[in-house]
$ cat entry_34.txt   # compact mmCIF, C-alpha atoms and all ligand atoms
# COMPACT_ATOMS: atom_id res chain seq x y z
CA MET A 1 103.46 119.67 68.86
CA ALA A 2 106.79 121.38 68.40
CA GLU A 3 109.62 121.78 65.96
CA GLY A 4 111.78 118.68 66.02
CA ASP A 5 109.27 116.60 68.01
CA GLY A 6 109.59 113.82 65.43
CA ASN A 7 113.22 113.21 66.27
CA GLY A 8 113.62 109.82 67.89
CA TRP A 9 113.90 106.11 67.17
CA VAL A 10 111.04 103.69 66.63
CA ILE A 11 110.83 99.97 65.99
CA CYS A 12 108.54 99.16 63.04
CA ALA A 13 106.25 96.11 62.71
CA ARG A 14 109.01 94.37 60.73
CA GLY A 15 111.40 94.75 63.65
CA HIS A 16 113.66 97.42 62.11
CA ARG A 17 114.94 100.40 64.01
CA HIS A 18 114.04 103.66 62.20
CA TRP A 19 114.54 107.36 62.76
CA GLY A 20 111.35 109.44 63.04
CA LYS A 21 108.64 109.00 65.67
CA TYR A 22 105.96 110.11 63.17
CA GLY A 23 107.63 108.49 60.20
CA ALA A 24 109.99 110.10 57.73
CA ALA A 25 109.82 111.75 54.34
CA GLY A 26 112.24 112.51 51.53
CA LEU A 27 112.35 114.50 48.31
CA LEU A 28 113.39 112.72 45.12
CA ALA A 29 113.85 115.57 42.66
CA GLY A 30 114.48 114.82 39.01
CA ALA A 31 115.60 117.24 36.34
CA ALA A 32 116.47 117.13 32.68
CA GLY A 33 120.27 116.96 32.67
CA PRO A 34 122.35 119.50 30.74
CA ASP A 35 122.98 116.96 27.97
CA GLY A 36 119.49 115.49 27.89
CA PRO A 37 119.37 112.39 30.11
CA PRO A 38 117.53 112.94 33.38
CA SER A 39 119.34 113.27 36.67
CA VAL A 40 118.26 113.06 40.30
CA LEU A 41 119.39 114.98 43.36
CA LEU A 42 121.07 112.71 45.92
CA ILE A 43 123.00 113.16 49.14
CA HIS A 44 125.94 111.12 50.42
CA ARG A 45 125.48 110.34 54.09
CA ALA A 46 128.26 110.96 56.60
CA SER A 47 130.25 108.13 58.20
CA TRP A 48 128.55 108.54 61.60
CA THR A 49 124.94 108.22 60.35
CA GLN A 50 122.76 105.09 60.55
CA HIS A 51 123.68 103.91 57.05
CA PRO A 52 127.14 105.45 56.69
CA GLY A 53 128.46 106.32 53.26
CA THR A 54 125.23 105.52 51.44
CA TRP A 55 123.44 107.64 48.84
CA GLY A 56 119.78 108.58 48.89
CA PRO A 57 117.40 111.49 48.52
CA PRO A 58 117.45 114.27 51.14
CA GLY A 59 114.95 113.52 53.87
CA GLY A 60 114.38 112.91 57.55
CA ALA A 61 111.95 112.69 60.43
CA ARG A 62 108.51 114.25 60.15
CA ASP A 63 107.31 116.46 62.96
CA SER A 64 103.84 115.77 64.38
CA HIS A 65 102.31 118.83 62.72
CA GLU A 66 103.96 118.41 59.32
CA THR A 67 102.64 116.98 56.09
CA ALA A 68 104.95 114.56 54.32
CA ALA A 69 105.50 117.16 51.58
CA GLY A 70 106.27 119.84 54.17
CA ALA A 71 108.82 117.60 55.89
CA ALA A 72 110.44 116.55 52.60
CA LEU A 73 110.84 120.14 51.40
CA ARG A 74 112.16 121.27 54.79
CA GLU A 75 114.74 118.49 54.90
CA ALA A 76 115.79 119.17 51.30
CA ALA A 77 116.35 122.82 52.19
CA GLU A 78 118.20 121.94 55.40
CA GLU A 79 120.46 119.33 53.80
CA CYS A 80 121.20 120.70 50.35
CA ALA A 81 119.65 124.16 49.97
CA VAL A 82 116.79 123.16 47.67
CA PRO A 83 114.60 126.23 47.11
CA PRO A 84 111.01 124.94 47.56
CA GLU A 85 109.82 126.89 44.52
CA ALA A 86 112.39 125.16 42.27
CA VAL A 87 110.57 121.83 42.34
CA ARG A 88 107.04 120.66 41.64
CA ILE A 89 105.85 117.58 43.54
CA HIS A 90 104.01 115.21 41.21
CA GLY A 91 103.87 111.94 43.09
CA LEU A 92 104.02 110.17 46.43
CA LEU A 93 105.30 106.71 47.30
CA ASP A 94 104.45 105.46 50.77
CA ASP A 95 106.81 102.73 51.98
CA ASP A 96 104.75 101.64 54.99
CA HIS A 97 106.43 99.20 57.37
CA GLY A 98 103.62 99.25 59.96
CA GLY A 99 104.17 101.69 62.81
CA TRP A 100 106.63 103.61 60.67
CA SER A 101 106.63 104.72 57.06
CA TYR A 102 108.91 106.55 54.66
CA GLN A 103 107.10 108.75 52.20
CA THR A 104 109.02 109.73 49.09
CA LEU A 105 107.78 112.87 47.37
CA VAL A 106 108.64 112.55 43.70
CA ALA A 107 109.30 115.97 42.22
CA SER A 108 110.58 117.53 39.05
CA ALA A 109 112.56 120.64 38.28
CA ALA A 110 112.78 122.42 34.93
CA SER A 111 116.55 121.96 35.00
CA GLU A 112 119.33 121.19 37.46
CA PHE A 113 119.73 124.01 39.98
CA PRO A 114 122.79 124.66 42.14
CA VAL A 115 122.96 122.63 45.37
CA TYR A 116 125.57 122.46 48.13
CA PRO A 117 125.89 120.59 51.43
CA VAL A 118 124.35 122.49 54.33
CA SER A 119 124.29 119.81 57.01
CA GLN A 120 127.14 117.74 58.46
CA GLU A 121 124.89 114.72 58.02
CA ALA A 122 125.47 114.85 54.27
CA PRO A 123 128.91 116.20 53.33
CA GLU A 124 128.29 115.64 49.61
CA VAL A 125 125.20 116.49 47.56
CA THR A 126 124.97 116.27 43.80
CA TRP A 127 122.90 115.63 40.70
CA VAL A 128 123.41 112.03 39.55
CA PRO A 129 122.41 110.80 36.08
CA ALA A 130 119.49 108.41 36.55
CA ASP A 131 121.41 105.72 34.64
CA ARG A 132 124.19 105.81 37.23
CA VAL A 133 122.11 105.63 40.42
CA GLU A 134 122.24 101.84 40.68
CA SER A 135 126.04 101.86 40.50
CA LEU A 136 126.20 103.80 43.80
CA ASP A 137 126.12 102.32 47.30
CA LEU A 138 122.47 103.16 48.02
CA HIS A 139 120.67 103.59 51.32
CA PRO A 140 118.79 100.27 51.74
CA GLY A 141 115.35 101.90 51.86
CA PHE A 142 116.07 103.92 48.72
CA ALA A 143 117.54 100.89 46.93
CA GLU A 144 114.19 99.14 47.37
CA THR A 145 112.02 101.99 46.11
CA TRP A 146 114.26 103.38 43.34
CA PRO A 147 113.04 101.04 40.52
CA VAL A 148 109.43 102.10 41.20
CA ILE A 149 110.34 105.77 41.47
CA ARG A 150 112.43 105.70 38.32
CA ALA A 151 109.48 104.46 36.26
CA ALA A 152 107.41 107.37 37.62
CA MET A 153 109.87 110.23 37.23
CA ASP A 154 108.20 111.75 34.18
CA PRO A 155 105.51 114.20 35.29
CA VAL A 156 102.05 113.74 33.76
CA THR A 157 99.99 116.46 32.09
CA VAL A 158 96.24 115.77 31.87
CA ILE A 159 94.78 117.72 28.94
CA VAL A 160 91.03 118.15 29.42
CA ASP A 161 88.73 118.71 26.44
CA GLY A 162 86.48 121.12 28.35
CA ALA A 163 83.63 121.17 25.84
CA ASN A 164 83.55 117.39 25.58
CA VAL A 165 83.77 116.74 29.32
CA MET A 166 81.13 119.39 30.13
CA GLY A 167 78.92 117.99 27.38
CA SER A 168 79.06 114.50 28.80
CA ARG A 169 77.03 115.27 31.90
CA ALA A 170 73.42 116.42 31.79
CA ASP A 171 73.65 119.23 34.35
CA GLY A 172 72.19 122.06 32.29
CA TRP A 173 75.58 123.19 30.97
CA TRP A 174 73.97 124.32 27.70
CA ARG A 175 72.12 127.13 29.51
CA ASP A 176 75.35 128.66 30.85
CA ARG A 177 78.56 127.44 29.24
CA ALA A 178 80.81 129.89 31.11
CA GLY A 179 79.24 128.82 34.42
CA ALA A 180 79.79 125.17 33.56
CA ALA A 181 83.44 125.88 32.69
CA ALA A 182 83.95 127.66 36.02
CA ARG A 183 82.41 124.68 37.86
CA LEU A 184 84.68 122.23 36.06
CA TYR A 185 87.68 124.41 36.86
CA GLY A 186 86.78 124.42 40.56
CA GLU A 187 86.43 120.65 40.56
CA LEU A 188 89.80 120.23 38.85
CA ALA A 189 91.40 122.56 41.40
CA ALA A 190 90.08 120.38 44.24
CA LEU A 191 91.26 117.23 42.46
CA ALA A 192 94.70 118.76 41.93
CA GLY A 193 94.97 119.14 45.71
CA ARG A 194 93.75 115.61 46.48
CA GLY A 195 95.76 113.86 43.78
CA VAL A 196 94.75 110.65 42.06
CA THR A 197 95.50 107.12 43.21
CA ALA A 198 95.24 105.33 39.88
CA TRP A 199 95.54 106.08 36.17
CA PRO A 200 93.32 104.75 33.41
CA ALA A 201 94.83 101.67 31.77
CA GLU A 202 95.51 103.67 28.59
CA LEU A 203 98.35 105.58 30.27
CA GLY A 204 100.10 102.40 31.38
CA LEU A 205 101.52 103.98 34.52
CA ALA A 206 101.47 102.57 38.05
CA GLY A 207 103.63 102.20 41.11
CA LEU A 208 103.13 105.31 43.21
CA ASP A 209 100.45 105.67 45.87
CA ARG A 210 99.33 109.12 44.74
CA TRP A 211 99.94 111.31 41.71
CA PHE A 212 99.67 115.07 41.34
CA PRO A 213 99.54 115.74 37.59
CA GLU A 214 99.18 119.16 36.06
CA TYR A 215 95.73 119.67 34.53
CA VAL A 216 95.28 121.80 31.43
CA LEU A 217 91.65 122.74 30.86
CA VAL A 218 91.05 123.76 27.25
CA VAL A 219 87.97 125.92 26.73
CA GLU A 220 86.49 127.28 23.52
CA GLY A 221 83.57 129.38 22.29
CA GLN A 222 81.19 130.87 24.86
CA ALA A 223 82.91 128.99 27.72
CA LYS A 224 85.91 131.32 27.30
CA ALA A 225 83.90 134.07 29.00
CA ALA A 226 84.63 132.26 32.29
CA VAL A 227 88.42 132.56 32.00
CA PRO A 228 89.06 136.08 33.41
CA ALA A 229 87.22 135.27 36.65
CA LEU A 230 88.98 131.96 37.35
CA GLY A 231 91.55 131.91 40.11
CA GLU A 232 95.07 130.56 39.90
CA ALA A 233 94.74 127.15 41.47
CA GLU A 234 97.99 125.28 41.86
CA GLY A 235 98.19 122.45 39.35
CA VAL A 236 95.50 123.71 36.97
CA ARG A 237 96.10 125.81 33.89
CA VAL A 238 93.36 127.13 31.63
CA VAL A 239 93.96 127.55 27.93
CA ALA A 240 91.41 129.52 25.90
CA ALA A 241 91.55 128.07 22.41
CA PRO A 242 92.03 130.88 19.88
CA GLY A 243 90.17 128.85 17.26
CA SER A 244 89.07 125.25 17.39
CA GLY A 245 89.54 123.59 20.77
CA ASP A 246 90.56 120.40 18.98
CA ASP A 247 93.51 122.11 17.29
CA THR A 248 94.73 123.49 20.62
CA ILE A 249 94.38 120.10 22.31
CA ALA A 250 96.20 118.28 19.52
CA GLU A 251 99.02 120.81 19.76
CA LEU A 252 99.29 120.41 23.55
CA ALA A 253 99.24 116.63 23.11
CA ALA A 254 102.32 116.98 20.91
CA THR A 255 104.26 119.60 22.86
CA ALA A 256 103.57 119.31 26.63
CA GLY A 257 106.56 117.89 28.53
CA GLY A 258 106.59 114.46 30.16
CA ARG A 259 103.67 112.09 29.67
CA ARG A 260 100.38 113.41 28.31
CA LEU A 261 96.89 112.09 28.89
CA VAL A 262 94.09 113.62 26.80
CA VAL A 263 90.55 113.36 28.19
CA THR A 264 87.97 113.34 25.42
CA ALA A 265 85.38 111.11 23.78
CA ASP A 266 85.68 112.84 20.41
CA ARG A 267 86.76 110.18 17.95
CA GLU A 268 88.75 112.40 15.59
CA LEU A 269 90.50 114.19 18.44
CA ARG A 270 91.35 110.85 20.04
CA ARG A 271 93.07 109.82 16.82
CA ARG A 272 94.96 113.12 16.52
CA SER A 273 96.08 112.97 20.16
CA ALA A 274 97.31 109.40 19.83
CA ASP A 275 99.21 110.37 16.66
CA ALA A 276 100.86 113.14 18.72
CA GLY A 277 102.13 110.55 21.21
CA ALA A 278 99.58 111.12 23.99
CA ALA A 279 97.51 108.53 25.82
CA VAL A 280 93.76 109.08 25.55
CA THR A 281 90.88 108.25 27.87
CA GLY A 282 87.17 109.12 27.97
CA PRO A 283 85.47 111.69 30.24
CA ARG A 284 84.07 108.95 32.47
CA TRP A 285 87.47 108.40 34.12
CA LEU A 286 87.80 112.08 35.03
CA LEU A 287 84.16 112.58 36.04
CA GLY A 288 84.44 109.62 38.40
CA LEU A 289 87.16 111.47 40.30
CA LEU A 290 85.51 114.89 40.56
ZN ZN B 1 110.92 98.92 59.01
$ encode --input "entry_34.txt" --output "structure tokens" --more "lines below"
Ligand SMILES: [Zn+2]
Amino acid sequence: MAEGDGNGWVICARGHRHWGKYGAAGLLAGAAGPDGPPSVLLIHRASWTQHPGTWGPPGGARDSHETAAGAALREAAEECAVPPEAVRIHGLLDDDHGGWSYQTLVASAASEFPVYPVSQEAPEVTWVPADRVESLDLHPGFAETWPVIRAAMDPVTVIVDGANVMGSRADGWWRDRAGAAARLYGELAALAGRGVTAWPAELGLAGLDRWFPEYVLVVEGQAKAAVPALGEAEGVRVVAAPGSGDDTIAELAATAGGRRLVVTADRELRRRSADAGAAVTGPRWLLGLL
């Protein structure tokens, strides 16, 4: 176990020769472009590399002790100076060849940030409008996965109707609403770390192997007493509704970026959320994951 111990060639089960003894990982970062259409950060590989002159996301061999996300962020920093805090990873695509796999971490940035070539391996790095990616000479592995990744570039926000979800399990929540809210928060924090492998049909989204949405837990009434004591788990935000929780949820359903999934069984709120352009599913989907 040492830095760089993943460097080396392997032959996968399909008979290809690949770089990375423990597999490889890359970072596909998307951002809203300056004029609106989304763009992705790509590197142009040098003439002496395995697939000379091709374009693809920054990435490379994983070391034995690294997670795929750790390797992808390290390579993105080493190849084009991506600051790890500038991107949020929201999905994972595992292109497994048997004996070797390439894991693409799908990430999003609030806007394009400055990048420049750091490594001789990639003399050119740039933001490319998503519409133009297919017109480039793409790295063969990236060319295969790009259509799937493109459909999954929008991050997902899961808006949780705290009162409704807590109320749908008979665990004594009515005796201590703040305690029940804190429990739900803890469960969401754990789920945010694990990620989800499938969406409810209502969202109509598939393709990646794992998704890391942002969860927004909306609490109201007595449950709000829990908020000051909650931690700051990555991927979970708590919103204390100033008035009716439904109004706050309907507003989030209309204004959160990317795709929105509202979790509630409340019929009127389901209608309002759908009118706001969000997908809606019942608490059962979420409770099954906690
Ligand atoms: Zn292969």
$ residues_around --input "entry_34.txt" --residues "Phe142 (chain A)" --least-positions-apart "6" --cutoff "9 Å" --atoms "only C-alpha atoms" --output "PyMOL selection string"
chain A and resi 55-57
$ closest_residue --input "entry_34.txt" --among "A:Gly207, A:Gly193, A:Gly23, A:Gly33" --to "ligand ZN 1 (chain B)" --atoms "only C-alpha atoms and all ligand atoms"
A:Gly23
$ residues_near_point --input "entry_34.txt" --point "(121.3, 101.4, 46.1)" --cutoff "8 Å" --atoms "all atoms listed in the file" --output "number ranges by chain"
A: 54-56, 133-140, 142-144, 146
$ residues_around --input "entry_34.txt" --residues "Val262 (chain A)" --least-positions-apart "5" --cutoff "10 Å" --atoms "only C-alpha atoms" --output "list of chain:residue names"
A:Thr157, A:Val158, A:Ile159, A:Val160, A:Asp161, A:Leu203, A:Tyr215, A:Val216, A:Ile249, A:Ala250, A:Leu252, A:Ala253, A:Leu269, A:Arg270, A:Ser273, A:Ala274, A:Ala278, A:Ala279, A:Val280, A:Thr281, A:Gly282, A:Pro283
$ residues_near_ligand --input "entry_34.txt" --ligand "ligand ZN 1 (chain B)" --cutoff "8 Å" --atoms "only C-alpha atoms and all ligand atoms" --output "count of residues only"
13
$ atom_distance --input "entry_34.txt" --atom1 "CA of Ser108 (chain A)" --atom2 "CA of Val196 (chain A)"
17.5 Å
$ atom_distance --input "entry_34.txt" --atom1 "CA of Glu79 (chain A)" --atom2 "CA of Ser111 (chain A)"
19.4 Å
$ closest_residue --input "entry_34.txt" --among "A:Arg272, A:Arg237, A:Arg183, A:Arg150" --to "Asp171 (chain A)" --atoms "only C-alpha atoms"
A:Arg183
$ closest_residue --input "entry_34.txt" --among "A:Pro155, A:Gly99, A:Gly186, A:Pro58" --to "Pro123 (chain A)" --atoms "all atoms listed in the file"
A:Pro58
$ residues_around --input "entry_34.txt" --residues "Ala240 (chain A)" --least-positions-apart "4" --cutoff "7 Å" --atoms "only C-alpha atoms" --output "ChimeraX atom specification"
/A:218-220,224
$ residues_near_point --input "entry_34.txt" --point "(127.8, 112.1, 53.6)" --cutoff "8 Å" --atoms "all atoms listed in the file" --output "PyMOL selection string"
chain A and resi 43-47+52-55+120-125
$ closest_residue --input "entry_34.txt" --among "A:Trp211, A:Trp19, A:Trp48, A:Tyr185" --to "Asp154 (chain A)" --atoms "only C-alpha atoms"
A:Trp211
$ atom_distance --input "entry_34.txt" --atom1 "CA of Thr126 (chain A)" --atom2 "CA of Pro84 (chain A)"
16.9 Å
$ residues_around --input "entry_34.txt" --residues "region 286-290 of chain A" --least-positions-apart "4" --cutoff "10 Å" --atoms "all atoms listed in the file" --output "PyMOL selection string"
chain A and resi 158+160+165-166+168-169+184+186-191+194-197+199-200+263-264+281-282
$ closest_residue --input "entry_34.txt" --among "A:Ala69, A:Val87, A:Glu75, A:Ala107" --to "Leu28 (chain A)" --atoms "all atoms listed in the file"
A:Ala107
